[in-house]
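Text of my_file.cif (mmCIF, C-alpha atoms) as supplied:
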```
data_query
loop_
_atom_site.label_atom_id
_atom_site.label_comp_id
_atom_site.auth_asym_id
_atom_site.auth_seq_id
_atom_site.Cartn_x
_atom_site.Cartn_y
_atom_site.Cartn_z
CA MET A 1488 0.00 0.00 0.00
CA ASN A 1489 1.29 3.45 -0.90
CA TRP A 1490 2.43 5.08 2.35
CA LEU A 1491 1.71 8.55 0.99
CA GLU A 1492 -1.89 7.67 0.28
CA ILE A 1493 -2.20 6.03 3.69
CA LEU A 1494 -1.05 9.32 5.21
CA GLY A 1495 -3.57 11.13 3.03
CA VAL A 1496 -6.34 8.80 4.21
CA GLY A 1497 -5.43 9.34 7.86
CA THR A 1498 -5.32 13.08 7.42
CA GLY A 1499 -8.60 13.00 5.51
CA LEU A 1500 -10.36 11.09 8.29
CA LEU A 1501 -9.07 13.54 10.88
CA TYR A 1502 -10.19 16.43 8.69
CA ILE A 1503 -13.77 15.25 8.31
CA TYR A 1504 -13.97 14.38 12.03
CA LEU A 1505 -12.93 17.93 12.92
CA GLU A 1506 -15.34 19.27 10.30
CA TYR A 1507 -18.12 17.20 11.87
CA ARG A 1508 -17.25 18.80 15.22
CA ALA A 1509 -17.12 22.25 13.57
CA SER A 1510 -13.63 22.67 15.04
CA VAL A 1511 -11.37 25.43 13.74
CA TRP A 1512 -8.52 22.89 13.75
CA LEU A 1513 -10.00 21.27 10.65
CA TRP A 1514 -8.22 23.98 8.67
CA LEU A 1515 -4.81 22.78 9.81
CA THR A 1516 -5.46 19.33 8.37
CA GLY A 1517 -7.10 21.12 5.44
CA ILE A 1518 -3.69 22.56 4.64
CA VAL A 1519 -1.71 19.34 5.06
CA MET A 1520 -4.10 17.07 3.15
CA PRO A 1521 -4.07 19.00 -0.16
CA ALA A 1522 -0.28 18.94 -0.18
CA ILE A 1523 -0.39 15.14 0.00
CA TYR A 1524 -3.11 14.66 -2.59
CA ILE A 1525 -1.52 16.96 -5.15
CA TYR A 1526 0.98 14.18 -5.76
CA VAL A 1527 -1.56 11.33 -5.47
CA TYR A 1528 -3.90 12.89 -8.04
CA TYR A 1529 -1.07 13.82 -10.38
CA ALA A 1530 0.15 10.22 -10.44
CA ALA A 1531 -3.40 8.99 -11.15
CA GLY A 1532 -4.03 11.49 -13.94
CA PHE A 1533 -6.73 13.44 -12.09
CA TYR A 1534 -5.38 16.81 -13.18
CA ALA A 1535 -8.39 18.88 -12.17
CA ASP A 1536 -8.37 17.30 -8.71
CA MET A 1537 -4.65 18.01 -8.51
CA GLY A 1538 -5.27 21.63 -9.46
CA ILE A 1539 -8.17 22.04 -7.06
CA ASN A 1540 -5.91 21.04 -4.20
CA VAL A 1541 -3.95 24.23 -4.75
CA TYR A 1542 -7.26 26.01 -4.21
CA PHE A 1543 -7.92 23.82 -1.15
CA LEU A 1544 -4.53 24.80 0.25
CA LEU A 1545 -5.22 28.51 -0.15
CA ALA A 1546 -8.80 28.11 1.06
CA GLY A 1547 -7.50 26.31 4.14
CA LEU A 1548 -5.37 29.31 5.00
CA TYR A 1549 -8.30 31.64 4.35
CA GLY A 1550 -10.79 29.51 6.31
CA TRP A 1551 -8.50 29.31 9.31
CA ALA A 1552 -7.95 33.08 9.30
CA TYR A 1553 -11.66 33.79 8.77
CA TRP A 1554 -12.89 31.49 11.55
CA LEU A 1555 -10.30 32.82 13.98
CA GLY A 1556 -11.07 36.38 12.93
CA LYS A 1557 -14.76 35.84 13.67
CA THR A 1558 -14.04 34.34 17.09
CA ARG A 1559 -14.68 36.98 19.69
CA ARG A 1560 -14.86 37.21 23.43
CA LYS A 1561 -18.14 37.50 25.24
CA PRO A 1562 -18.69 40.66 27.32
CA THR A 1563 -17.41 38.91 30.43
CA GLY A 1564 -14.15 38.23 28.66
CA SER A 1565 -14.08 34.72 30.12
CA THR A 1566 -15.22 32.60 27.19
CA GLU A 1567 -14.68 32.80 23.47
CA GLN A 1568 -17.69 32.81 21.15
CA GLU A 1569 -16.96 31.02 17.90
CA LEU A 1570 -18.31 31.78 14.44
CA PRO A 1571 -21.81 30.21 14.58
CA VAL A 1572 -23.14 27.54 12.24
CA THR A 1573 -25.89 29.07 10.07
CA HIS A 1574 -27.90 28.33 6.93
CA THR A 1575 -26.82 29.67 3.55
CA PRO A 1576 -28.58 32.99 2.82
CA LYS A 1577 -30.82 32.82 -0.24
CA LYS A 1578 -28.89 35.66 -1.87
CA TYR A 1579 -25.93 33.28 -2.32
CA TRP A 1580 -27.83 30.48 -4.04
CA LEU A 1581 -27.80 31.90 -7.55
CA PRO A 1582 -24.18 33.16 -7.42
CA SER A 1583 -23.08 29.75 -6.14
CA LEU A 1584 -24.85 28.03 -9.03
CA ALA A 1585 -23.23 30.46 -11.47
CA VAL A 1586 -19.77 29.80 -10.04
CA PHE A 1587 -20.36 26.06 -10.35
CA LEU A 1588 -21.53 26.22 -13.97
CA ILE A 1589 -18.75 28.57 -15.09
CA SER A 1590 -16.09 26.53 -13.28
CA PHE A 1591 -17.45 23.27 -14.68
CA ALA A 1592 -17.38 24.57 -18.26
CA ALA A 1593 -13.91 26.10 -17.91
CA ILE A 1594 -12.34 23.05 -16.25
CA ALA A 1595 -13.95 20.63 -18.72
CA PHE A 1596 -12.61 22.68 -21.64
CA ILE A 1597 -9.08 22.67 -20.19
CA LEU A 1598 -9.12 18.94 -19.44
CA ILE A 1599 -10.47 17.96 -22.86
CA ARG A 1600 -8.25 20.34 -24.79
CA PHE A 1601 -4.95 20.10 -22.92
CA THR A 1602 -4.83 16.85 -20.88
CA ASP A 1603 -5.33 13.11 -21.24
CA SER A 1604 -7.78 12.89 -18.34
CA PRO A 1605 -9.88 9.71 -18.78
CA VAL A 1606 -12.92 11.27 -17.07
CA PRO A 1607 -12.89 15.00 -17.95
CA TYR A 1608 -16.56 15.67 -17.28
CA GLY A 1609 -16.72 13.75 -14.02
CA ASP A 1610 -13.46 15.30 -12.88
CA SER A 1611 -14.73 18.77 -13.81
CA PHE A 1612 -18.04 18.20 -12.04
CA THR A 1613 -16.50 17.24 -8.70
CA THR A 1614 -13.87 19.95 -8.93
CA ALA A 1615 -16.33 22.73 -9.72
CA LEU A 1616 -18.72 21.58 -7.01
CA SER A 1617 -15.84 21.41 -4.53
CA ILE A 1618 -15.04 25.06 -5.20
CA VAL A 1619 -18.54 25.97 -4.06
CA GLY A 1620 -18.56 23.51 -1.17
CA LEU A 1621 -15.33 24.76 0.31
CA TRP A 1622 -16.47 28.37 0.17
CA LEU A 1623 -19.66 27.39 2.00
CA LEU A 1624 -17.52 25.65 4.61
CA THR A 1625 -15.37 28.75 5.16
CA ARG A 1626 -18.61 30.58 6.03
CA LYS A 1627 -19.79 27.70 8.26
CA TYR A 1628 -23.02 27.16 6.33
CA VAL A 1629 -24.98 23.95 6.97
CA GLU A 1630 -25.61 23.30 3.28
CA GLN A 1631 -21.92 22.70 2.61
CA TRP A 1632 -22.56 19.12 3.75
CA LEU A 1633 -25.13 18.60 0.97
CA VAL A 1634 -22.54 19.67 -1.57
CA TRP A 1635 -19.95 17.27 -0.13
CA ILE A 1636 -22.39 14.36 -0.15
CA VAL A 1637 -22.75 14.74 -3.92
CA VAL A 1638 -19.01 15.30 -4.41
CA ASP A 1639 -18.10 12.26 -2.32
CA ILE A 1640 -20.51 9.90 -4.05
CA VAL A 1641 -19.39 10.92 -7.53
CA SER A 1642 -15.71 10.97 -6.52
CA ALA A 1643 -15.89 7.45 -5.08
CA GLY A 1644 -17.34 6.20 -8.36
CA LEU A 1645 -14.67 7.98 -10.38
CA TYR A 1646 -11.81 6.64 -8.26
CA PHE A 1647 -13.08 3.08 -8.51
CA TYR A 1648 -13.52 3.51 -12.26
CA LYS A 1649 -10.09 5.08 -12.70
CA GLY A 1650 -8.38 2.32 -10.75
CA LEU A 1651 -7.53 3.83 -7.38
CA ILE A 1652 -8.41 0.46 -5.91
CA LEU A 1653 -5.33 -1.66 -6.61
CA THR A 1654 -1.70 -0.71 -6.99
CA THR A 1655 0.55 -2.36 -9.57
CA ASP A 1656 1.61 -4.99 -7.03
CA GLY A 1657 -1.98 -5.87 -6.14
CA GLN A 1658 -2.15 -4.13 -2.79
CA LEU A 1659 -5.28 -2.25 -1.81
CA VAL A 1660 -5.33 1.52 -2.19
CA PRO A 1661 -8.09 3.05 -0.06
CA THR A 1662 -9.00 6.33 -1.75
CA GLY A 1663 -12.29 5.11 -3.27
CA PHE A 1664 -13.34 3.52 0.01
CA LEU A 1665 -12.35 6.67 1.87
CA TYR A 1666 -14.82 8.70 -0.18
CA LEU A 1667 -17.59 6.21 0.52
CA LEU A 1668 -16.87 6.71 4.21
CA TYR A 1669 -16.83 10.48 3.63
CA THR A 1670 -20.34 10.18 2.19
CA VAL A 1671 -21.69 8.46 5.29
CA ILE A 1672 -20.02 10.95 7.63
CA ALA A 1673 -21.27 13.86 5.51
CA VAL A 1674 -24.86 12.69 5.99
CA PHE A 1675 -24.41 12.61 9.76
CA GLY A 1676 -22.53 15.92 9.60
CA TYR A 1677 -25.42 17.58 7.81
CA PHE A 1678 -27.94 16.63 10.49
CA LYS A 1679 -25.54 17.57 13.29
CA TRP A 1680 -24.84 21.02 11.81
CA ARG A 1681 -28.56 21.55 11.16
CA ARG A 1682 -29.24 20.93 14.85
CA MET A 1683 -26.39 23.28 15.75
CA ALA A 1684 -27.85 25.97 13.48
CA GLN A 1685 -31.28 25.60 15.02
CA SER A 1686 -29.74 25.89 18.47
CA THR A 1687 -27.90 29.02 17.40
CA ASP A 1688 -31.05 30.53 15.88
CA GLY A 1689 -32.83 29.99 19.16
CA VAL A 1690 -30.24 31.87 21.21
#
```

How does the structure come out when it is put into structure tokens?
Amino acid sequence: MNWLEILGVGTGLLYIYLEYRASVWLWLTGIVMPAIYIYVYYAAGFYADMGINVYFLLAGLYGWAYWLGKTRRKPTGSTEQELPVTHTPKKYWLPSLAVFLISFAAIAFILIRFTDSPVPYGDSFTTALSIVGLWLLTRKYVEQWLVWIVVDIVSAGLYFYKGLILTTDGQLVPTGFLYLLYTVIAVFGYFKWRRMAQSTDGV
């Protein structure tokens, strides 16, 4: 088994656990994990996924700074009040859809025209949707989980199709299985964050 991908799997599991907990420390793993997967995706020919990890890396830095910047002390000065979990405002729905469609078209064009990606449309779909999902996460919106559920399901199928199941020596490579696990956790994460948002709205 590829030790680099094992490290990526471990980091990915820690990332989604911290995301489930809505912990600001998810951004630290969100910086380490893209660095690992840039190489993994490059070796597998997933060029859009490789490129999106540069975005993930930068978004990790932004998300960490944004969440910490929104953390403030309560009037007593004794306890910190974190950025609350909320629902995505309706005014962002249409712009998010526009960003997805434009990104999908642009990435698909690049992959078809300039690379040998075996799944240009699937790769473009998950990459474009991830751009939207990660932005929603930086704002701590509940609906980011719905985006990741779709991304994880499609990604798992693509990785199994592409061959990120067995290495050349026949050993198991867990990336496809990891994304199936991500899907399950994302479902639970959505309901947990929805409860957190309702609790916040009631304060």

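From atom CA of A:Asn1540 back to atom CA of A:Leu1598, the distance works out to 15.7 Å.
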
Check: Got a sec to resolve the PyMOL selection byres ((chain A and resi 1551) around 12) on this structure and send the residues as a count of residues only?
Finding: 30

Note to self: Please compute the atom CA of A:Pro1576-atom CA of A:Ser1642 distance, one decimal, in Å.
What the structure shows: 27.2 Å

Margin query: So that I can see what lies close to A:Tyr1526, please list as a VMD selection string the residues with an atom at most 12 Å from it, counting all atoms listed in the file and leaving out residues fewer than 3 positions away in the same chain.
Written below: chain A and resid 1489 1491 to 1492 1495 1520 to 1523 1529 to 1534 1536 to 1538 1540 to 1541

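Pairwise distance (atom CA of A:Leu1588, atom CA of A:Leu1623) equals 16.1 Å.
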
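For stretch 1684-1686 of chain A, the set of protein, DNA and RNA residues having any atom at most 8 Å away, when counting all atoms listed in the file and skipping those fewer than 6 positions along the same chain, is A:Pro1571, A:Val1572, A:Thr1573, A:His1574, A:Val1629.
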
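Considering the residues A:Ser1611, A:Ser1604, A:Thr1670, A:Thr1498 and counting all atoms listed in the file, A:Phe1587 has its shortest atom-to-atom contact with A:Ser1611.
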
Notebook entry, point to check: Within 9 Å of A:Ile1594, counting all atoms listed in the file, which residues qualify if same-chain residues fewer than 3 places away don't, as a PyMOL selection string?
Noted result: chain A and resi 1535+1589-1591+1597-1599+1607-1608+1610-1612+1614-1615

Next item on the list: Just give me the residues with any atom within 12 Å of (-16.1, 8.9, -4.2), file coordinates, counting all atoms listed in the file, written as a PyMOL selection string.
Entry: chain A and resi 1609-1610+1613+1635-1649+1651-1652+1661-1671

Checklist line | Residue neighbourhood A:Tyr1507, 9 Å, all atoms listed in the file, exclusion window fewer than 2 positions, as number ranges by chain | finding: A: 1502-1505, 1509-1510, 1672-1673, 1675-1677, 1679-1680

Given the selection you just returned, output its residues as a file containing C-alpha atoms, formatted as a tab-separated table (two decimals), keeping the file's coordinate frame.
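Written file, part.tsv:
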```tsv
chain	number	residue	atom	x	y	z
A	1502	TYR	CA	-10.19	16.43	8.69
A	1503	ILE	CA	-13.77	15.25	8.31
A	1504	TYR	CA	-13.97	14.38	12.03
A	1505	LEU	CA	-12.93	17.93	12.92
A	1509	ALA	CA	-17.12	22.25	13.57
A	1510	SER	CA	-13.63	22.67	15.04
A	1672	ILE	CA	-20.02	10.95	7.63
A	1673	ALA	CA	-21.27	13.86	5.51
A	1675	PHE	CA	-24.41	12.61	9.76
A	1676	GLY	CA	-22.53	15.92	9.60
A	1677	TYR	CA	-25.42	17.58	7.81
A	1679	LYS	CA	-25.54	17.57	13.29
A	1680	TRP	CA	-24.84	21.02	11.81
```
